[in-house]
>>> print(open('target-v1.pdb').read())   # PDB, C-alpha atoms, pLDDT in the B column
ATOM      1  CA  PHE A 166      38.588 129.043  24.128  1.00 43.00           C
ATOM      2  CA  HIS A 167      38.486 129.885  20.504  1.00 47.00           C
ATOM      3  CA  ASN A 168      40.998 132.491  19.419  1.00 52.00           C
ATOM      4  CA  LEU A 169      44.456 133.200  20.783  1.00 52.00           C
ATOM      5  CA  ILE A 170      45.949 136.569  19.948  1.00 51.00           C
ATOM      6  CA  LYS A 171      49.597 137.155  20.886  1.00 50.00           C
ATOM      7  CA  GLN A 172      51.087 140.606  21.069  1.00 53.00           C
ATOM      8  CA  LYS A 173      54.283 141.818  22.672  1.00 56.00           C
ATOM      9  CA  ASN A 174      54.215 140.233  26.178  1.00 55.00           C
ATOM     10  CA  ILE A 175      50.375 140.152  26.155  1.00 58.00           C
ATOM     11  CA  ILE A 176      48.206 137.128  25.379  1.00 59.00           C
ATOM     12  CA  ILE A 177      44.506 137.712  24.682  1.00 58.00           C
ATOM     13  CA  ILE A 178      42.236 134.656  24.684  1.00 60.00           C
ATOM     14  CA  MET A 179      38.820 135.104  23.071  1.00 60.00           C
ATOM     15  CA  GLN A 180      36.138 132.782  24.466  1.00 61.00           C
ATOM     16  CA  GLU A 181      33.852 130.804  22.127  1.00 63.00           C
ATOM     17  CA  SER A 182      30.803 131.720  24.152  1.00 63.00           C
ATOM     18  CA  GLY A 183      31.252 135.377  23.290  1.00 65.00           C
ATOM     19  CA  GLY A 184      32.168 136.321  26.851  1.00 69.00           C
ATOM     20  CA  PRO A 185      34.715 138.969  27.651  1.00 73.00           C
ATOM     21  CA  PRO A 186      38.279 138.285  26.516  1.00 66.00           C
ATOM     22  CA  ILE A 187      40.794 137.013  29.038  1.00 65.00           C
ATOM     23  CA  ILE A 188      43.948 139.109  29.046  1.00 65.00           C
ATOM     24  CA  ASP A 189      47.127 137.557  30.433  1.00 64.00           C
ATOM     25  CA  ILE A 190      50.285 139.662  30.678  1.00 65.00           C
ATOM     26  CA  VAL A 191      53.502 137.649  30.479  1.00 61.00           C
ATOM     27  CA  LEU A 192      56.579 139.442  31.706  1.00 66.00           C
ATOM     28  CA  PRO A 193      60.098 138.420  30.641  1.00 66.00           C
ATOM     29  CA  THR A 194      62.293 136.780  33.269  1.00 66.00           C
ATOM     30  CA  PHE A 195      65.562 138.359  32.091  1.00 72.00           C
ATOM     31  CA  ARG A 196      67.438 135.133  32.823  1.00 75.00           C
ATOM     32  CA  LEU A 197      70.374 134.746  30.472  1.00 79.00           C
ATOM     33  CA  GLU A 198      71.842 131.626  32.089  1.00 82.00           C
ATOM     34  CA  PRO A 199      70.300 128.504  33.587  1.00 84.00           C
ATOM     35  CA  GLU A 200      70.195 127.903  37.311  1.00 82.00           C
ATOM     36  CA  GLU A 201      72.855 125.484  38.538  1.00 82.00           C
ATOM     37  CA  THR A 202      70.250 122.732  38.970  1.00 82.00           C
ATOM     38  CA  GLU A 203      69.036 123.228  35.376  1.00 84.00           C
ATOM     39  CA  ARG A 204      72.397 122.908  33.611  1.00 87.00           C
ATOM     40  CA  PHE A 205      73.051 120.331  30.904  1.00 91.00           C
ATOM     41  CA  TYR A 206      75.651 117.794  32.032  1.00 92.00           C
ATOM     42  CA  PRO A 207      77.136 115.809  29.114  1.00 95.00           C
ATOM     43  CA  SER A 208      77.976 112.781  31.288  1.00 95.00           C
ATOM     44  CA  LYS A 209      74.354 112.433  32.396  1.00 95.00           C
ATOM     45  CA  ALA A 210      73.067 112.721  28.802  1.00 96.00           C
ATOM     46  CA  LYS A 211      75.669 110.225  27.574  1.00 97.00           C
ATOM     47  CA  ALA A 212      74.557 107.659  30.171  1.00 97.00           C
ATOM     48  CA  ILE A 213      70.931 108.106  29.086  1.00 97.00           C
ATOM     49  CA  ALA A 214      71.821 107.715  25.398  1.00 97.00           C
ATOM     50  CA  ASP A 215      74.069 104.686  25.992  1.00 96.00           C
ATOM     51  CA  ARG A 216      71.240 102.897  27.804  1.00 96.00           C
ATOM     52  CA  ILE A 217      68.673 103.675  25.091  1.00 97.00           C
ATOM     53  CA  ILE A 218      70.969 102.672  22.215  1.00 96.00           C
ATOM     54  CA  ALA A 219      71.897  99.375  23.865  1.00 94.00           C
ATOM     55  CA  ASP A 220      68.247  98.576  24.551  1.00 94.00           C
ATOM     56  CA  GLU A 221      67.203  99.405  20.988  1.00 92.00           C
ATOM     57  CA  LEU A 222      70.013  97.815  18.932  1.00 93.00           C
ATOM     58  CA  GLN A 223      71.585  95.055  21.029  1.00 88.00           C
ATOM     59  CA  ASN A 224      70.471  92.041  18.967  1.00 87.00           C
ATOM     60  CA  PHE A 225      69.618  93.702  15.655  1.00 91.00           C
ATOM     61  CA  VAL A 226      71.152  92.808  12.305  1.00 93.00           C
ATOM     62  CA  TYR A 227      71.734  95.754   9.950  1.00 94.00           C
ATOM     63  CA  ASP A 228      69.017  96.361   7.373  1.00 92.00           C
ATOM     64  CA  GLU A 229      69.087  99.514   5.256  1.00 91.00           C
ATOM     65  CA  GLU A 230      65.323 100.150   5.339  1.00 91.00           C
ATOM     66  CA  ASP A 231      64.937  99.382   9.042  1.00 93.00           C
ATOM     67  CA  ALA A 232      67.933 101.571   9.944  1.00 93.00           C
ATOM     68  CA  LYS A 233      65.957 104.690   8.957  1.00 93.00           C
ATOM     69  CA  ILE A 234      63.189 103.791  11.406  1.00 94.00           C
ATOM     70  CA  TRP A 235      65.667 102.811  14.140  1.00 95.00           C
ATOM     71  CA  SER A 236      67.463 106.129  13.718  1.00 96.00           C
ATOM     72  CA  LEU A 237      64.260 108.136  14.134  1.00 96.00           C
ATOM     73  CA  ASN A 238      63.130 106.066  17.128  1.00 96.00           C
ATOM     74  CA  ILE A 239      66.482 106.402  18.895  1.00 97.00           C
ATOM     75  CA  SER A 240      66.634 110.151  18.237  1.00 97.00           C
ATOM     76  CA  ASP A 241      63.118 110.664  19.607  1.00 96.00           C
ATOM     77  CA  LYS A 242      63.679 108.538  22.717  1.00 97.00           C
ATOM     78  CA  VAL A 243      67.036 110.135  23.513  1.00 97.00           C
ATOM     79  CA  ARG A 244      65.717 113.668  22.988  1.00 96.00           C
ATOM     80  CA  GLU A 245      62.689 113.053  25.237  1.00 94.00           C
ATOM     81  CA  ALA A 246      64.724 111.371  27.991  1.00 95.00           C
ATOM     82  CA  VAL A 247      67.423 114.059  28.012  1.00 95.00           C
ATOM     83  CA  TYR A 248      64.820 116.835  27.988  1.00 92.00           C
ATOM     84  CA  GLU A 249      63.031 115.215  30.939  1.00 91.00           C
ATOM     85  CA  SER A 250      66.332 114.943  32.829  1.00 91.00           C
ATOM     86  CA  LEU A 251      66.784 118.702  32.401  1.00 88.00           C
ATOM     87  CA  GLN A 252      63.518 119.186  34.311  1.00 81.00           C
ATOM     88  CA  ARG A 253      62.066 121.088  31.373  1.00 70.00           C
ATOM     89  CA  ALA A 254      64.660 123.849  31.596  1.00 77.00           C
ATOM     90  CA  ARG A 255      64.936 126.329  28.746  1.00 85.00           C
ATOM     91  CA  TYR A 256      67.105 124.072  26.612  1.00 90.00           C
ATOM     92  CA  LYS A 257      66.517 123.080  23.042  1.00 92.00           C
ATOM     93  CA  VAL A 258      67.737 119.507  22.718  1.00 94.00           C
ATOM     94  CA  VAL A 259      68.865 118.362  19.266  1.00 95.00           C
ATOM     95  CA  VAL A 260      69.808 114.736  18.591  1.00 96.00           C
ATOM     96  CA  GLN A 261      71.614 113.479  15.486  1.00 95.00           C
ATOM     97  CA  THR A 262      71.733 109.702  14.980  1.00 96.00           C
ATOM     98  CA  VAL A 263      73.745 107.862  12.330  1.00 95.00           C
ATOM     99  CA  ILE A 264      73.331 104.109  11.820  1.00 95.00           C
ATOM    100  CA  GLY A 265      75.399 102.259   9.244  1.00 93.00           C
ATOM    101  CA  GLN A 266      76.532  98.823   8.187  1.00 93.00           C
ATOM    102  CA  LEU A 267      79.759  97.561   9.730  1.00 89.00           C
ATOM    103  CA  LYS A 268      81.995  96.211   6.942  1.00 88.00           C
ATOM    104  CA  ASP A 269      85.628  97.052   7.764  1.00 81.00           C
ATOM    105  CA  GLN A 270      85.267 100.647   6.625  1.00 83.00           C
ATOM    106  CA  GLY A 271      86.157 103.868   8.358  1.00 83.00           C
ATOM    107  CA  ILE A 272      83.711 106.652   9.033  1.00 84.00           C
ATOM    108  CA  ARG A 273      83.950 110.025  10.700  1.00 84.00           C
ATOM    109  CA  VAL A 274      80.846 111.841  11.915  1.00 81.00           C
ATOM    110  CA  ALA A 275      81.335 115.562  12.582  1.00 82.00           C
ATOM    111  CA  SER A 276      79.203 118.577  13.296  1.00 83.00           C
ATOM    112  CA  ARG A 277      79.792 122.299  13.785  1.00 84.00           C
ATOM    113  CA  CYS A 278      77.722 124.663  15.874  1.00 83.00           C
ATOM    114  CA  LEU A 279      77.726 128.290  16.877  1.00 86.00           C
ATOM    115  CA  TRP A 280      76.813 128.676  20.531  1.00 88.00           C
ATOM    116  CA  ASP A 281      77.507 130.174  23.924  1.00 90.00           C
ATOM    117  CA  PRO A 282      80.218 128.086  25.640  1.00 90.00           C
ATOM    118  CA  ASN A 283      78.947 129.140  29.091  1.00 89.00           C
ATOM    119  CA  THR A 284      75.493 127.581  28.679  1.00 90.00           C
ATOM    120  CA  ASP A 285      75.487 125.250  25.656  1.00 93.00           C
ATOM    121  CA  ASN A 286      77.177 121.878  25.357  1.00 94.00           C
ATOM    122  CA  TYR A 287      77.089 118.509  23.616  1.00 95.00           C
ATOM    123  CA  THR A 288      77.995 114.876  24.048  1.00 96.00           C
ATOM    124  CA  ALA A 289      78.419 111.931  21.705  1.00 95.00           C
ATOM    125  CA  CYS A 290      78.221 108.180  22.149  1.00 95.00           C
ATOM    126  CA  GLN A 291      78.866 105.168  19.965  1.00 94.00           C
ATOM    127  CA  PHE A 292      77.544 101.640  19.795  1.00 95.00           C
ATOM    128  CA  SER A 293      78.397  98.710  17.560  1.00 91.00           C
ATOM    129  CA  ASN A 294      77.612  95.043  17.264  1.00 91.00           C
ATOM    130  CA  SER A 295      78.727  92.502  14.658  1.00 90.00           C
ATOM    131  CA  THR A 296      76.701  94.039  11.774  1.00 92.00           C
ATOM    132  CA  LEU A 297      76.092  97.741  12.521  1.00 93.00           C
ATOM    133  CA  PHE A 298      77.396 100.873  14.177  1.00 93.00           C
ATOM    134  CA  CYS A 299      75.484 103.756  15.678  1.00 95.00           C
ATOM    135  CA  THR A 300      76.691 107.244  16.598  1.00 95.00           C
ATOM    136  CA  VAL A 301      74.456 109.621  18.544  1.00 96.00           C
ATOM    137  CA  MET A 302      75.298 113.287  19.099  1.00 96.00           C
ATOM    138  CA  ILE A 303      73.247 115.290  21.601  1.00 96.00           C
ATOM    139  CA  PHE A 304      73.311 119.086  21.585  1.00 96.00           C
ATOM    140  CA  ALA A 305      71.733 121.210  24.328  1.00 94.00           C
ATOM    141  CA  LEU A 306      71.282 124.892  23.517  1.00 92.00           C
ATOM    142  CA  TYR A 307      70.026 127.266  26.208  1.00 90.00           C
ATOM    143  CA  THR A 308      67.294 129.643  25.046  1.00 86.00           C
ATOM    144  CA  ASP A 309      66.441 132.722  27.048  1.00 71.00           C
TER     145      ASP A 309
END
>>> encode(input="target-v1.pdb", output="structure tokens")
Amino acid sequence: FHNLIKQKNIIIIMQESGGPPIIDIVLPTFRLEPEETERFYPSKAKAIADRIIADELQNFVYDEEDAKIWSLNISDKVREAVYESLQRARYKVVVQTVIGQLKDQGIRVASRCLWDPNTDNYTACQFSNSTLFCTVMIFALYTD
């Protein structure tokens, strides 16, 4: 299939062979909330993130250059695992990971969001060893 033309609720696929176009009509579902089995549960996402963080950082020593790569890897793995646990529901999963050196300092990681409290939620988890700390925040936003 060569060209894909999207119009309001209609998808037209043009074939490369010059055959007739395939017209697919997609109707909206009018679902404004997830089914009970599709809901985001923070405790389940936190358990997933805790396991991934511990597996990734357990025996690592902080290195500034490597921390950037670790942060991206952890964010990707957590986002994919949480999204899979939602059974591909209509959630957008956003993961924010902060990794820093542990040297007797204080740090506060905060975030603000505008969302629907009936369908959207978040969770956060922390990890530390002798040389580094890691904070992961997971946001799940329902899209209709």
>>> residues_around(input="target-v1.pdb", residues="Asp269 of chain A", least_positions_apart="6", cutoff="12 Å", atoms="all atoms listed in the file", output="list in words")
Ser295, Thr296, Leu297 and Phe298 of chain A
>>> atom_distance(input="target-v1.pdb", atom1="atom CA of Glu229 of chain A", atom2="atom CA of Ala305 of chain A")
29.0 Å
>>> closest_residue(input="target-v1.pdb", among="A:Tyr206, A:Phe225, A:Tyr287, A:Trp280", to="Val260 of chain A", atoms="all atoms listed in the file")
A:Tyr287
>>> resolve_selection(input="target-v1.pdb", expression="the PyMOL selection byres ((chain A and resi 308) around 10)", output="list in words")
Arg196, Leu197, Glu198, Pro199, Ala254, Arg255, Tyr256, Lys257, Thr284, Asp285, Ala305, Leu306, Tyr307 and Asp309 of chain A
>>> closest_residue(input="target-v1.pdb", among="A:Thr300, A:Asn294, A:Thr202, A:Gln223", to="Leu267 of chain A", atoms="all atoms listed in the file")
A:Asn294
>>> residues_around(input="target-v1.pdb", residues="segment 238-242 of chain A", least_positions_apart="6", cutoff="7 Å", atoms="only C-alpha atoms", output="number ranges by chain")
A: 218, 260-262
>>> atom_distance(input="target-v1.pdb", atom1="atom CA of Asp220 of chain A", atom2="atom CA of Leu251 of chain A")
21.7 Å
>>> decode(input="target-v1.pdb", residues="segment 230-282 of chain A", atoms="C-alpha atoms", output="short mmCIF file (atom, residue, chain, number, x, y, z; two decimals), in the first residue's frame")
data_model
loop_
_atom_site.label_atom_id
_atom_site.label_comp_id
_atom_site.auth_asym_id
_atom_site.auth_seq_id
_atom_site.Cartn_x
_atom_site.Cartn_y
_atom_site.Cartn_z
CA GLU A 230 28.25 10.42 31.56
CA ASP A 231 26.82 6.95 32.15
CA ALA A 232 23.96 8.34 34.26
CA LYS A 233 22.44 9.95 31.14
CA ILE A 234 22.32 6.58 29.38
CA TRP A 235 21.04 4.79 32.49
CA SER A 236 18.27 7.36 32.85
CA LEU A 237 17.09 6.88 29.27
CA ASN A 238 17.26 3.08 29.53
CA ILE A 239 15.30 3.00 32.79
CA SER A 240 12.66 5.40 31.44
CA ASP A 241 12.19 3.32 28.29
CA LYS A 242 11.99 0.00 30.14
CA VAL A 243 9.58 1.31 32.77
CA ARG A 244 7.34 2.98 30.18
CA GLU A 245 7.16 -0.18 28.04
CA ALA A 246 6.51 -2.49 31.01
CA VAL A 247 3.81 -0.25 32.50
CA TYR A 248 2.15 0.20 29.11
CA GLU A 249 2.12 -3.58 28.60
CA SER A 250 0.58 -4.07 32.05
CA LEU A 251 -2.26 -1.74 31.02
CA GLN A 252 -3.06 -4.18 28.20
CA ARG A 253 -2.60 -1.42 25.66
CA ALA A 254 -5.45 0.65 27.06
CA ARG A 255 -5.85 4.24 25.90
CA TYR A 256 -3.28 5.61 28.32
CA LYS A 257 -0.34 7.78 27.50
CA VAL A 258 2.44 6.74 29.85
CA VAL A 259 5.09 9.35 30.68
CA VAL A 260 8.17 8.46 32.74
CA GLN A 261 10.57 10.97 34.29
CA THR A 262 13.84 9.58 35.68
CA VAL A 263 16.41 11.52 37.71
CA ILE A 264 19.77 9.96 38.60
CA GLY A 265 22.29 11.86 40.70
CA GLN A 266 25.39 11.43 42.80
CA LEU A 267 24.85 10.72 46.48
CA LYS A 268 27.06 13.08 48.52
CA ASP A 269 25.18 14.11 51.68
CA GLN A 270 23.05 16.64 49.84
CA GLY A 271 19.32 17.12 49.79
CA ILE A 272 17.22 17.07 46.66
CA ARG A 273 13.53 17.46 45.95
CA VAL A 274 12.03 16.28 42.67
CA ALA A 275 8.59 17.72 41.89
CA SER A 276 6.22 17.86 38.97
CA ARG A 277 2.86 19.48 38.24
CA CYS A 278 0.21 18.23 35.87
CA LEU A 279 -3.25 19.19 34.73
CA TRP A 280 -5.45 16.13 34.42
CA ASP A 281 -8.72 14.38 35.12
CA PRO A 282 -8.60 12.94 38.66
#
